[in-house]
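K.L.:
Mind having a look at this structure? Questions to follow.
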Amino acid sequence: MPTDTFTNEEIDINSLPKYEEISLKKPHSNYWKIICINLIITFLVIGITATLLIFFNEKTQPHALIIVGIYLVVTIVTVLLFYVSFKKRGYAIRTKDVIYKSGIIAESTTIVPLNRIQHIELNEGFFSRMFSLGSLQIFTAGGQTGHIHIAGIPINEAKSIRDLLLNKLELLETPEIETKLKVNE
Amino acid sequence: MNSDFSKPQRESAFGIIVMAAHTAFKIGKATFFLVIYAFVKMSAAYTAYVLLGVGVIILLCVVFSYLWYLNFTFFLDKEKQEFVVNKGILNRDQVIIQLDKIQQVNINQNILQKMIGVYGLKIDTAGTSGEEVSIKAIDEVSAYNLKEHLLRGKTAATEHANVLTDELPIIDEVPFLRVSTWTLFKVGLTSNYGQSLTVILVFFMYTVQEARHIMDIFGLDKGAVQSTVLGLATLFSVAVIVVIFLIVLLSINLIRTFYRYFQLEVSQHKNSLLLSSGLIAKKNTLINPTKVQITKHSQNYFQKKLNLLNISLKQAHFGESKKGKEMQGNTLEIVGCDTFERDELLKMILGQVPTLGKTFVPDWRFLNLPIFFKLILPVTIFMLVALNVPEVKPFLGFAAAYFIVGILMIYISYRRHRISVNQQFIIKKSGIWDISNEVIVPHKIQAITASQYPWHKSVDVGHLCLHTAAGQIHFKYGNYSEIKTLVNYWLYQVESGNKNWM
């Protein structure tokens with residue numbers, strides 16, 4: 001860098017944009033229905049298995065009440081935890097980064113700068129499609145933990161976010177995004 | 001071999017021998033006990049058949065290697081900046097590696113390659129699949145020449161004229177770090193106890209398991225063996241056994257250290273760092289300093305007194321594991337440097353010696369969870385058991401010792417856990433016995449996570465996690481307002497600059 005154009009001013013750290021003050025968008029309320037459908041299916045399967053077990057296995061029959069009790073408690077706790085975690089979720093796209101907040105007990109906020117995005121995936125599940133929702137995954141080189149998975153975005157919005165991000169990525173012209181290692185099997 | 005590698009070419013024909021030996025060795029290793037068993041159990045009449053079988057396997061290895069050799073070609077695509085390898089015996093595979101994705105090039109020599117006078121060359125990339133290219137036989141000049149092309153990336157194409165002068169072997173380079181045998185001896189005595197302990201345990205389990213097979217084969221009387229072992233055990237007192245164990249542990253440590261790091265040298269070679277070491281098989285690794293993601297230096301109490309340091313350079317790994325096992329190639333260890341050499345090395349990798357900036361320390365709540373889950377909970381369970389089972393009662397003293405040592409260790413880890421931030425660097429310090437300092441530069445951050453438990457909201461305590469391509473850096477139980485300020489600052493640094501992290 002030529003010295004005459006080089007400047008190095010002190011930054012006022014307090015005047016930097018604050019991620020924690022951004023108002024986050026919530027996932028679409030229909031997404032809660034999808035979570036419920038998934039939970040119902042899971043617990044139905046477990047419930048049916050347990051019923052069959054109690055019905056056909058005589059040894060377990062004396063414990064039937066305890067098993068039903070545990071089953072109910074686990075179901076209620078799971079639904080509550082999912083509801084809390086659903087309420088905590090939120091996302092925002094800034095010009096330079098993507099913010100995603102989530103958490104079941106702890107509340108964690110992950111921020112991925114746009115110039116570190118490796119690739120983007122838009123998924124539509126079977127139930128999501130019925131409610132025209134989609135989920136967006138944003139991958140970085142930070143491995144499993146460094147990636148963001150935003151579920152329950154209205155599909156049109158998800159598509160426009162994806163296109164927006166892809167456009168920005170192309171503008172940044174970072175060579176990482178378009179090509180990972182190509183391996184021809 | 002031509003020197004610019006622009007046309008597809010095969011490796012040295014010696015590769016057939018190396019490959020055949022490699023395959024035969026693998027088969028031999030897998031069927032070792034089977035073969036021994038066959039030799040011992042079968043009557044002499046069948047020995048000929050067994051030998052014939054072994055012969056056929058070796059022949060198959062050679063044929064396989066010959067076919068593999070015929071189909072293995074590689075070349076450099078200058079225009080696209082790619083290294084292309086064609087391989088495969090029945091199916092044709094093509095591996096294309098972009099030059100700027102290459103992290104390190106290993107030039108190795110095992111005993112066989114040493115005898116023939118060829119080198120093996122391996123290319124490590126940061127690829128998702130962890131796919132790597134391995135050339136089994138190449139002569140020294142070509143190996144270093146190819147490495148130069150591979151690591152130089154874009155500049156190689158334009159500066160091609162200079163390449164011929166580079167062909168001089170790297171021996172004239174003066175290494176700026178050379179670890180002497182005496183230093184290595186000290187390193188062996190002071191580090192990696194945990195790893196050596198695992199080695200001993202694994203070896204012990206393996207022996208016990210295989211001992212049964214061997215006893216079966218030779219028809220030994222198990223009872224006799226057992227009584228001999230027990231007799232030996234009672235012959236020595238516990239103290240002697242402990243001393244023997246310690247001696248074994250230390251010698252294994254020494255052997256491992258010498259085997260891996262004998263004549264460890266680090267030198268700067270063009271724009272890459274060359275690390276070479278190894279007792280029997282010399283290993284040369286070339287890395288691009290700018291692709292190092294986390295630089296870590298660590299030291300324990302003994303090493304501090306001896307002025308010894310271990311440095312590890314962590315590079316990007318996307319795929320957590322390669323074929324099920326942990327990827328090791330992506331962390332390079334340099335043992336036994338002193339503080340001066342460490343600073344030289346840091347200068348080479350980071351451009352300057354990182355200085356401590358503003359230091360952040362965790363809140364005392366850091367102690368709560370580990371004390372509860374690692375000490376109070378297990379000790380309580382143990383006490384409950386001890387009160388009900390009289391046989392366990394004499395061991396209550398151990399529980400007390402465990403508790404005290406545990407408290408001490410958790411407290412030390414709390415005192416050591418800190419993060420220091422300035423404009424250029426982030427230094428995370430942690431550890432109980434081995435105190436490590438992990439240094440990263442802000443533009444190597446891939447993503448940042450800040451998290452908080454709801455019950456910590458009122459006391460303003462939270463956690464921070466920096467995701468890099470070579471792993472995460474955690475800072476726990478810090479002041480959450482400060483963490484938020486730091487996050488905003490790092491985001492500004494990453495997003496305002498357009499520095500490449502690779």
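A note on labels: chains of the structure tokens are A, B, ... as shown, every chain counts residues from 1, and ligands are counted from 1 in their shown order.
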Do me a favour and pick out the residues of chain A within 8 Å of chain B, using only C-alpha atoms, as a VMD selection string.

P.N.:
chain A and resid 13 to 14 16 to 20 96 to 97 105 to 117 140 to 143 145 to 147 180 to 185

K.L.:
For the structure I just gave you, how does DSSP split range 9-170 of chain A - specifically, which residues are alpha helix (DSSP H)? Reply as a PyMOL selection string.

P.N.:
chain A and resi 30-56+64-88+126-130+155-170

K.L.:
Using DSSP on the backbone, list every residue of range 19-124 of chain A that comes out as strand (DSSP E or B), and give them as a PyMOL selection string.

P.N.:
chain A and resi 25+90-93+97-102+107-113+117-123

K.L.:
Report, in Å with one decimal, the straight-line distance from CA of Ser191 in chain B to CA of Phe245 in chain B.

P.N.:
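If I compute the distance from CA of Ser191 in chain B to CA of Phe245 in chain B, I get 16.3 Å.
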
K.L.:
Between A:Val68, A:Leu80, A:Ile150, A:Leu171, which one has atoms that come closest to Ile48 in chain A, using only C-alpha atoms?

P.N.:
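Looking at the shortest contact to Ile48 in chain A, the residue is A:Val68.
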
K.L.:
Work out how far CA of Ile27 in chain B is from CA of Val208 in chain B, in Å to one decimal.

P.N.:
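Separation between CA of Val208 in chain B and CA of Ile27 in chain B: 23.3 Å.
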
K.L.:
From the set B:Tyr46, B:Tyr37, B:Leu112, B:Leu177, which residue has the shortest atom-to-atom contact distance to Met19 in chain B, counting only C-alpha atoms?

P.N.:
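Result for the nearest residue to Met19 in chain B: B:Leu112.
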
K.L.:
Within 7 Å of Ser420 in chain B, counting only C-alpha atoms, which residues show up once you throw out same-chain ones fewer than 5 positions away? Write them as a list of chain:residue names, please.

P.N.:
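In the requested form, the answer reads B:Leu356, B:Gly357, B:Lys358, B:Thr359, B:Phe360, B:Ile426, B:Ile427, B:Lys428.
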
K.L.:
Would you put the residues from that selection into a file with N, CA and C atoms, as a tab-separated table (two decimals), in the first residue's frame?

P.N.:
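Final output, saved to out-v6.tsv:
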```
chain	number	residue	atom	x	y	z
B	356	LEU	N	0.45	-8.10	23.92
B	356	LEU	CA	-0.79	-8.17	24.68
B	356	LEU	C	-1.50	-6.84	24.62
B	357	GLY	N	-2.80	-6.88	24.44
B	357	GLY	CA	-3.57	-5.65	24.44
B	357	GLY	C	-4.39	-5.58	25.71
B	358	LYS	N	-5.62	-5.12	25.57
B	358	LYS	CA	-6.50	-5.07	26.73
B	358	LYS	C	-6.90	-6.50	27.10
B	359	THR	N	-6.75	-6.83	28.37
B	359	THR	CA	-7.02	-8.21	28.79
B	359	THR	C	-8.37	-8.30	29.49
B	360	PHE	N	-9.13	-9.32	29.11
B	360	PHE	CA	-10.43	-9.54	29.72
B	360	PHE	C	-10.39	-10.83	30.53
B	426	ILE	N	-5.73	-11.32	18.57
B	426	ILE	CA	-6.54	-11.80	19.67
B	426	ILE	C	-5.74	-12.95	20.29
B	427	ILE	N	-5.46	-12.86	21.57
B	427	ILE	CA	-4.68	-13.92	22.21
B	427	ILE	C	-5.52	-14.53	23.31
B	428	LYS	N	-5.76	-15.82	23.18
B	428	LYS	CA	-6.55	-16.53	24.19
B	428	LYS	C	-5.61	-17.40	25.00
```

K.L.:
Which residues are near Ile89 in chain B? Cut-off 7 Å, only C-alpha atoms, ignore same chain within fewer than 3 positions. Put them as a ChimeraX atom specification.

P.N.:
/B:67-68,71,92

K.L.:
Could I get the residues of range 3-114 of chain B with an atom no further than 6 Å from an atom of range 135-155 of chain B, each paired with its nearest atom pair and that distance in Å to one decimal, using only C-alpha atoms, sorted by chain and residue number, as a tab-separated table?

P.N.:
```
residue	atom	partner	partner_atom	distance
B:Glu11	CA	B:Ile138	CA	6.0
B:Ser12	CA	B:Ala137	CA	5.4
B:Gly15	CA	B:Ala137	CA	4.6
B:Leu99	CA	B:Gly153	CA	5.2
B:Asp100	CA	B:Gly153	CA	5.5
```

K.L.:
So, with only C-alpha atoms as the atoms that count, which of B:Val179, B:Gly351, B:Ala239, B:Leu264 lies closest to Pro289 in chain B?

P.N.:
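The closest residue to Pro289 in chain B is B:Gly351.
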
K.L.:
Could you tell me how far CA of Ile93 in chain A lies from CA of Trp490 in chain B, in Å and to one decimal?

P.N.:
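Distance reported for this atom pair: 17.4 Å.
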
K.L.:
From the list A:Val45, A:Ala50, A:Ile120, A:Ile155, which residue is nearest Leu133 in chain A when using only C-alpha atoms?

P.N.:
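Distance minimum relative to Leu133 in chain A lands on A:Ile155.
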
K.L.:
Quick one: residues within 7 Å of Cys61 in chain B, only C-alpha atoms, excluding same-chain residues fewer than 4 positions away - as a ChimeraX atom specification?

P.N.:
/B:20,23-24,57,65

K.L.:
Which residues, written as a PDB file with C-alpha atoms, in the first residue's frame, have at least one atom at most 9 Å from range 23-30 of chain A, with only C-alpha atoms counted and residues fewer than 4 positions away on the same chain left out?

P.N.:
```
ATOM      1  CA  ILE A  34     -44.688 -27.252  11.367  1.00  0.00           C
ATOM      2  CA  ILE A  35     -42.740 -27.780  14.574  1.00  0.00           C
ATOM      3  CA  PHE A  86     -39.240 -20.810  18.800  1.00  0.00           C
ATOM      4  CA  LYS A  87     -39.965 -17.551  20.600  1.00  0.00           C
ATOM      5  CA  LYS A  88     -36.257 -16.781  20.919  1.00  0.00           C
ATOM      6  CA  ARG A  89     -35.438 -17.170  17.252  1.00  0.00           C
ATOM      7  CA  GLY A  90     -34.811 -14.159  15.117  1.00  0.00           C
ATOM      8  CA  TYR A  91     -32.773 -13.112  12.135  1.00  0.00           C
ATOM      9  CA  ALA A  92     -31.605 -10.001  10.366  1.00  0.00           C
ATOM     10  CA  ILE A  93     -29.670  -9.236   7.228  1.00  0.00           C
ATOM     11  CA  ILE A  99     -27.385 -12.162  12.271  1.00  0.00           C
ATOM     12  CA  TYR A 100     -29.226 -15.146  13.737  1.00  0.00           C
ATOM     13  CA  LYS A 101     -30.417 -15.513  17.286  1.00  0.00           C
ATOM     14  CA  SER A 128     -42.754 -26.403   4.893  1.00  0.00           C
ATOM     15  CA  PHE A 131     -47.223 -23.602   4.397  1.00  0.00           C
ATOM     16  CA  LEU A 133     -42.047 -21.663   4.059  1.00  0.00           C
ATOM     17  CA  ILE A 150     -32.635 -20.042   9.624  1.00  0.00           C
ATOM     18  CA  ALA A 151     -35.879 -21.986   9.427  1.00  0.00           C
ATOM     19  CA  GLY A 152     -39.427 -20.824   8.866  1.00  0.00           C
ATOM     20  CA  ILE A 153     -38.938 -17.948   6.466  1.00  0.00           C
ATOM     21  CA  PRO A 154     -41.760 -17.321   3.949  1.00  0.00           C
TER      22      PRO A 154
END
```

K.L.:
List the spatial neighbours of Ile36 in chain B as a PyMOL selection string - criterion: any atom at most 12 Å away, only C-alpha atoms, same-chain residues fewer than 4 positions off excluded.

P.N.:
chain B and resi 28-32+40-42+47+50-51+213-214+217-218

K.L.:
Include C-alpha atoms and write out the residues we just selected as a PDB file, in the first residue's frame.

P.N.:
```pdb
ATOM      1  CA  GLY B  28       0.537 -58.177   5.729  1.00  0.00           C
ATOM      2  CA  LYS B  29      -0.415 -55.973   8.654  1.00  0.00           C
ATOM      3  CA  ALA B  30      -4.069 -56.948   8.404  1.00  0.00           C
ATOM      4  CA  THR B  31      -3.383 -60.681   8.189  1.00  0.00           C
ATOM      5  CA  PHE B  32      -0.311 -60.885  10.413  1.00  0.00           C
ATOM      6  CA  VAL B  40       2.212 -72.793  13.504  1.00  0.00           C
ATOM      7  CA  LYS B  41      -0.971 -74.818  13.240  1.00  0.00           C
ATOM      8  CA  MET B  42      -0.717 -76.334   9.828  1.00  0.00           C
ATOM      9  CA  THR B  47       3.688 -74.883   4.219  1.00  0.00           C
ATOM     10  CA  VAL B  50       0.947 -71.037   2.362  1.00  0.00           C
ATOM     11  CA  LEU B  51       4.156 -69.796   0.769  1.00  0.00           C
ATOM     12  CA  HIS B 213      -4.507 -65.858  20.709  1.00  0.00           C
ATOM     13  CA  ILE B 214      -0.834 -66.627  21.127  1.00  0.00           C
ATOM     14  CA  ILE B 217      -1.685 -71.110  19.169  1.00  0.00           C
ATOM     15  CA  PHE B 218       1.161 -72.447  21.222  1.00  0.00           C
TER      16      PHE B 218
END
```
